[in-house]
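Notes to accompany the following structure.
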Amino acid sequence: MTEKQRTISKPVSVTGKGLHTGIDATLTFYPAPENSGYQFRRIDLKDKPIVKAQVENVVDTSRGTAIEENGVRINTVEHVLAALSGLQIDNALIELNGPETPIVDGSSKAFVEALIEAGITEQNAERYYYHIREKIEFKNPEKGIEIVVYPDDKFSVNVLIDYDSKVLTNQYATLDSLEEFKDNISCCRTFVFLHELEQLVKHNLIKGGDMKNAIVIIDKAISQDELDKLASLFNKPKVQVKPQGILNNLELYYPNEPARHKLLDFIGDLALIGCPIKGRIVAKKPGHLSNTEFAKIIRKFVKKDKNKPHVPNYDPNKEPIMDIIKIKKMLPHRYPFLLVDKIIEMTDTTVVGIKNVTNNENFFMGHFPAEPVMPGVLIIEAMAQVGGLLVLSGVPDPENYSTYFLKINNVRFKDKVVPGDTLILKLELVDAVRRGVCTVKATAFVGDTIVTEAELMAQIVKNKSNS
């Protein structure tokens, strides 16, 4: 089953201060066209410039992820992007009237709630996934950072954090599916150690920080004078340290909320790849720098993959949509001219079929005895039969119809097909079927290699024997 891209149904806004700038900002999500991805628009600047949420545009990861394009910058994008990605929204325009997104409560919760309020709309275009085909990793041995993704048929993330702290001990968080993001991850807030907080204040940062948007971890002895200064900093009458070593500014949602927040950040940073992936990720001690460096590595694979036609995923263990019995009920072809063994994918506009090529094919007796090669015309015929199954599947009584060639264009034979090969035949409708005439783009693969391409035009004709 293919999945469709999604956007939101109507505009919706979130207002708050930027964490580091302290500037009041309103962020508004808008519906966006198919294949546009995530784009920020600075409406406070002349000409309202766009900044694409792509990992190539990352310029700073010191205290959050900042992106910049043509000199226009957006700070602290990770929680916004995590909300979009976590809800599996593919396309959105994000208008912002300042340089930094609102920090709100330090999580993605407000953004998730706003997006759900706006509603999610399915679009016509198919969602593109990058399928991890081999182990890919990023390592920083000096800091003990390791992020690895393994091939899998779904997306999942495991995160381990370790700060060498008696208070914040090793923590582990997991996300087995994005369906879990809203309820289990989106509300988890950012955290900061007290010694970091002091440095941030010294450097004139966290101007928008308050006692409501961060878990403050106390990992050293602290005097009452220091606590009073901290209370004054955040305009609070009094603050205390809880027995578990965190400030009494808020209650934890989960014992491992810091690890869950790191997972939230990871989802947001990974959204900068530009498309969802399918793979199992294990991230040890992730941070914004390592997250975005890992995203850059994956992005290179995505670009390479998008520059070549998508090879259908063929799993011989998976039950086909049509086996040879069903195929023979729809096609009139029989031995030795039935050249499709099964159908593994089918939508209203695409179909993927399989032809197993063996040395027992009768045409190999003469083409060629010493070096058998499947004739190109028979590859075209195999394509046509797969395409015939696609168009005939839309006819109430397909057994009473046949498809006939009208035209063949732009045929390219790029590699040989020999005994032992498995032909993967992908056919896509170019236009809607009109008056029984259809045009399809046909591609034949052996493994990841394109062996033949063609454009085929055919007509559906009722069999005379059934007239």
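Residues in the structure tokens are numbered from 1 in each chain, the chains being A, B, ... in the order shown, and ligands are numbered from 1 in the order shown.
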List as an MDAnalysis selection string the protein and nucleic acid residues near Met322 in chain A, meaning an atom at most 12 Å away when only C-alpha atoms are counted, but skip any in the same chain fewer than 4 places from it. chainID A and resid 318 326:331 340:346 351:354 386 389:390 393
At a cut-off of 7 Å, using only C-alpha atoms, what residues contact Thr452 in chain A? Leave out same-chain residues fewer than 5 positions from it and give the result as a PyMOL selection string. chain A and resi 412-414+443-444
Take the residues that were just selected and, keeping N, CA and C atoms, output them as a CSV table (one decimal), in the first residue's frame.
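Ended up saving to result.csv:
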chain,number,residue,atom,x,y,z
A,412,ARG,N,14.8,2.1,-24.9
A,412,ARG,CA,16.3,2.0,-24.7
A,412,ARG,C,16.6,0.7,-24.0
A,413,PHE,N,17.5,-0.1,-24.6
A,413,PHE,CA,18.0,-1.3,-24.0
A,413,PHE,C,19.3,-1.0,-23.4
A,414,LYS,N,19.4,-1.1,-22.0
A,414,LYS,CA,20.6,-0.6,-21.3
A,414,LYS,C,21.5,-1.7,-20.8
A,443,THR,N,9.5,0.6,-17.1
A,443,THR,CA,10.9,0.4,-16.7
A,443,THR,C,11.1,-1.0,-16.2
A,444,ALA,N,12.2,-1.6,-16.8
A,444,ALA,CA,12.5,-3.0,-16.4
A,444,ALA,C,13.8,-3.0,-15.6
Measure the distance from CA of Glu146 in chain A to CA of Lys296 in chain A in Å and round it to one decimal. 14.9 Å
Identify, on the basis of only C-alpha atoms, every residue whose closest approach to Ala25 in chain A does not exceed 12 Å; exclude the query and any residue fewer than 2 positions from it along the same chain; express the result as a ChimeraX atom specification. /A:13-19,21-23,27-28,42-44,74-75,95-104,208
Do a neighbour search on Glu361 in chain A at 9 Å with only C-alpha atoms, toss out local chain neighbours closer than 4 positions, and write the hits as a PyMOL selection string. chain A and resi 336+357+365+374+419
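Candidate residues A:Gly420, A:Pro31, A:Pro332, A:Pro255 were compared for distance to Leu168 in chain A, and the nearest is A:Pro255, using only C-alpha atoms.
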Set the distance at 8 Å and use only C-alpha atoms: which residues neighbour Glu126 in chain A once local chain neighbours fewer than 2 positions away are removed? I'd like the list as a PyMOL selection string. chain A and resi 2-5+124+128
File of the preceding selection, N, CA and C atoms, as an mmCIF file, in the first residue's frame:
data_model
loop_
_atom_site.group_PDB
_atom_site.id
_atom_site.type_symbol
_atom_site.label_atom_id
_atom_site.label_comp_id
_atom_site.auth_asym_id
_atom_site.auth_seq_id
_atom_site.Cartn_x
_atom_site.Cartn_y
_atom_site.Cartn_z
ATOM 1 N N THR A 2 0.600 2.165 -0.933
ATOM 2 C CA THR A 2 1.341 3.420 -0.954
ATOM 3 C C THR A 2 0.681 4.411 0.000
ATOM 4 N N GLU A 3 1.478 5.338 0.519
ATOM 5 C CA GLU A 3 0.974 6.368 1.417
ATOM 6 C C GLU A 3 0.983 7.696 0.699
ATOM 7 N N LYS A 4 0.017 8.522 0.988
ATOM 8 C CA LYS A 4 -0.093 9.843 0.375
ATOM 9 C C LYS A 4 0.553 10.899 1.264
ATOM 10 N N GLN A 5 1.042 11.962 0.619
ATOM 11 C CA GLN A 5 1.577 13.096 1.365
ATOM 12 C C GLN A 5 0.446 13.799 2.113
ATOM 13 N N ASN A 124 -2.656 14.303 -3.008
ATOM 14 C CA ASN A 124 -2.703 13.293 -4.065
ATOM 15 C C ASN A 124 -1.358 12.600 -4.294
ATOM 16 N N TYR A 128 7.285 9.918 -0.403
ATOM 17 C CA TYR A 128 8.551 9.250 -0.710
ATOM 18 C C TYR A 128 9.264 8.917 0.591
#
Quick one: residues within 12 Å of Lys109 in chain A, only C-alpha atoms, excluding same-chain residues fewer than 4 positions away - as a short mmCIF file (atom, residue, chain, number, x, y, z; two decimals) with N, CA and C atoms, in the first residue's frame?
data_model
loop_
_atom_site.label_atom_id
_atom_site.label_comp_id
_atom_site.auth_asym_id
_atom_site.auth_seq_id
_atom_site.Cartn_x
_atom_site.Cartn_y
_atom_site.Cartn_z
N VAL A 14 0.89 29.84 16.88
CA VAL A 14 1.42 29.65 18.24
C VAL A 14 2.24 30.89 18.56
N HIS A 79 12.02 21.91 17.68
CA HIS A 79 10.75 21.50 18.29
C HIS A 79 9.59 21.65 17.31
N VAL A 80 9.66 22.67 16.46
CA VAL A 80 8.64 22.87 15.42
C VAL A 80 8.69 21.72 14.41
N LEU A 81 9.90 21.42 13.95
CA LEU A 81 10.06 20.35 12.95
C LEU A 81 9.71 18.99 13.54
N ALA A 82 10.00 18.78 14.81
CA ALA A 82 9.64 17.50 15.45
C ALA A 82 8.13 17.32 15.46
N ALA A 83 7.39 18.39 15.71
CA ALA A 83 5.93 18.31 15.72
C ALA A 83 5.39 17.92 14.34
N LEU A 84 5.91 18.57 13.30
CA LEU A 84 5.47 18.26 11.93
C LEU A 84 5.83 16.83 11.55
N GLY A 86 6.67 14.34 13.56
CA GLY A 86 6.04 13.38 14.45
C GLY A 86 4.59 13.10 14.11
N LEU A 87 3.90 14.09 13.53
CA LEU A 87 2.52 13.91 13.09
C LEU A 87 2.43 13.45 11.64
N PRO A 102 8.95 30.36 18.96
CA PRO A 102 8.60 30.42 20.38
C PRO A 102 9.04 29.14 21.11
N ILE A 103 9.59 29.30 22.30
CA ILE A 103 10.01 28.14 23.07
C ILE A 103 8.83 27.51 23.80
N VAL A 104 7.79 28.30 24.09
CA VAL A 104 6.57 27.86 24.79
C VAL A 104 6.97 27.11 26.07
N ASP A 105 6.67 25.81 26.18
CA ASP A 105 7.02 25.10 27.43
C ASP A 105 8.30 24.28 27.30
N GLU A 113 -0.43 20.35 19.35
CA GLU A 113 -1.84 20.68 19.61
C GLU A 113 -2.40 21.62 18.56
N ALA A 114 -1.60 22.59 18.16
CA ALA A 114 -2.05 23.54 17.13
C ALA A 114 -2.27 22.84 15.80
N LEU A 115 -1.36 21.97 15.41
CA LEU A 115 -1.47 21.26 14.14
C LEU A 115 -2.68 20.32 14.13
N ILE A 116 -2.94 19.69 15.25
CA ILE A 116 -4.12 18.82 15.34
C ILE A 116 -5.40 19.65 15.25
N PHE A 181 4.52 9.31 18.85
CA PHE A 181 5.17 10.59 19.14
C PHE A 181 4.26 11.53 19.93
N LYS A 182 3.04 11.71 19.48
CA LYS A 182 2.12 12.68 20.10
C LYS A 182 1.95 12.40 21.60
N ASP A 183 1.67 11.17 21.96
CA ASP A 183 1.33 10.86 23.35
C ASP A 183 2.54 10.62 24.25
N ASN A 184 3.65 10.13 23.68
CA ASN A 184 4.77 9.69 24.52
C ASN A 184 6.01 10.58 24.47
N ILE A 185 6.12 11.43 23.45
CA ILE A 185 7.36 12.19 23.27
C ILE A 185 7.12 13.70 23.19
N SER A 186 6.05 14.13 22.54
CA SER A 186 5.90 15.55 22.19
C SER A 186 5.87 16.49 23.40
N CYS A 187 5.43 16.01 24.57
CA CYS A 187 5.31 16.87 25.75
C CYS A 187 6.60 16.96 26.55
N CYS A 188 7.63 16.24 26.16
CA CYS A 188 8.85 16.16 26.98
C CYS A 188 9.71 17.41 26.79
N ARG A 189 10.05 18.05 27.91
CA ARG A 189 10.66 19.37 27.88
C ARG A 189 12.18 19.32 27.90
N THR A 190 12.74 20.41 27.41
CA THR A 190 14.19 20.53 27.40
C THR A 190 14.72 20.58 28.83
N ASN A 213 9.70 26.48 31.20
CA ASN A 213 10.07 25.86 29.93
C ASN A 213 11.38 25.07 29.96
N HIS A 261 13.22 13.82 25.73
CA HIS A 261 13.40 15.10 25.03
C HIS A 261 14.53 15.01 24.01
N LEU A 264 13.06 13.62 21.08
CA LEU A 264 12.27 14.66 20.40
C LEU A 264 13.18 15.52 19.53
#
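With distances restricted to only C-alpha atoms, A:Ser402 is the closest residue to Lys464 in chain A from A:Thr169, A:Asn307, A:Ser402, A:Thr26.
Secondary structure by DSSP on the backbone puts the following residues of range 362-441 of chain A in strand (DSSP E or B): Tyr401, Ser402, Thr403, Tyr404, Phe405, Leu406, Lys407, Ile408, Asn409, Asn410, Val411, Arg412, Phe413, Thr422, Leu423, Ile424, Leu425, Lys426, Leu427, Glu428, Leu429, Arg434, Val437, Cys438, Thr439, Val440 and Lys441 of chain A.
Here the question is which of A:Ile380, A:Ile136, A:Val395, A:Ile273 gets nearest to Thr292 in chain A using only C-alpha atoms, and that residue is A:Ile273.
One finds CA of Arg63 in chain A at 21.0 Å from CA of Asn256 in chain A.
In terms of minimum interatomic distance to Glu455 in chain A, A:Lys407 ranks closest within A:Lys407, A:Arg73, A:Lys48, A:Arg334, counting only C-alpha atoms.
Counting only C-alpha atoms, the residue from A:Phe266, A:Phe301, A:Tyr335, A:Phe445 that sits nearest to Thr65 in chain A is A:Phe266.
Rounded to one decimal, CA of Lys285 in chain A and CA of Thr61 in chain A lie 14.9 Å from each other.
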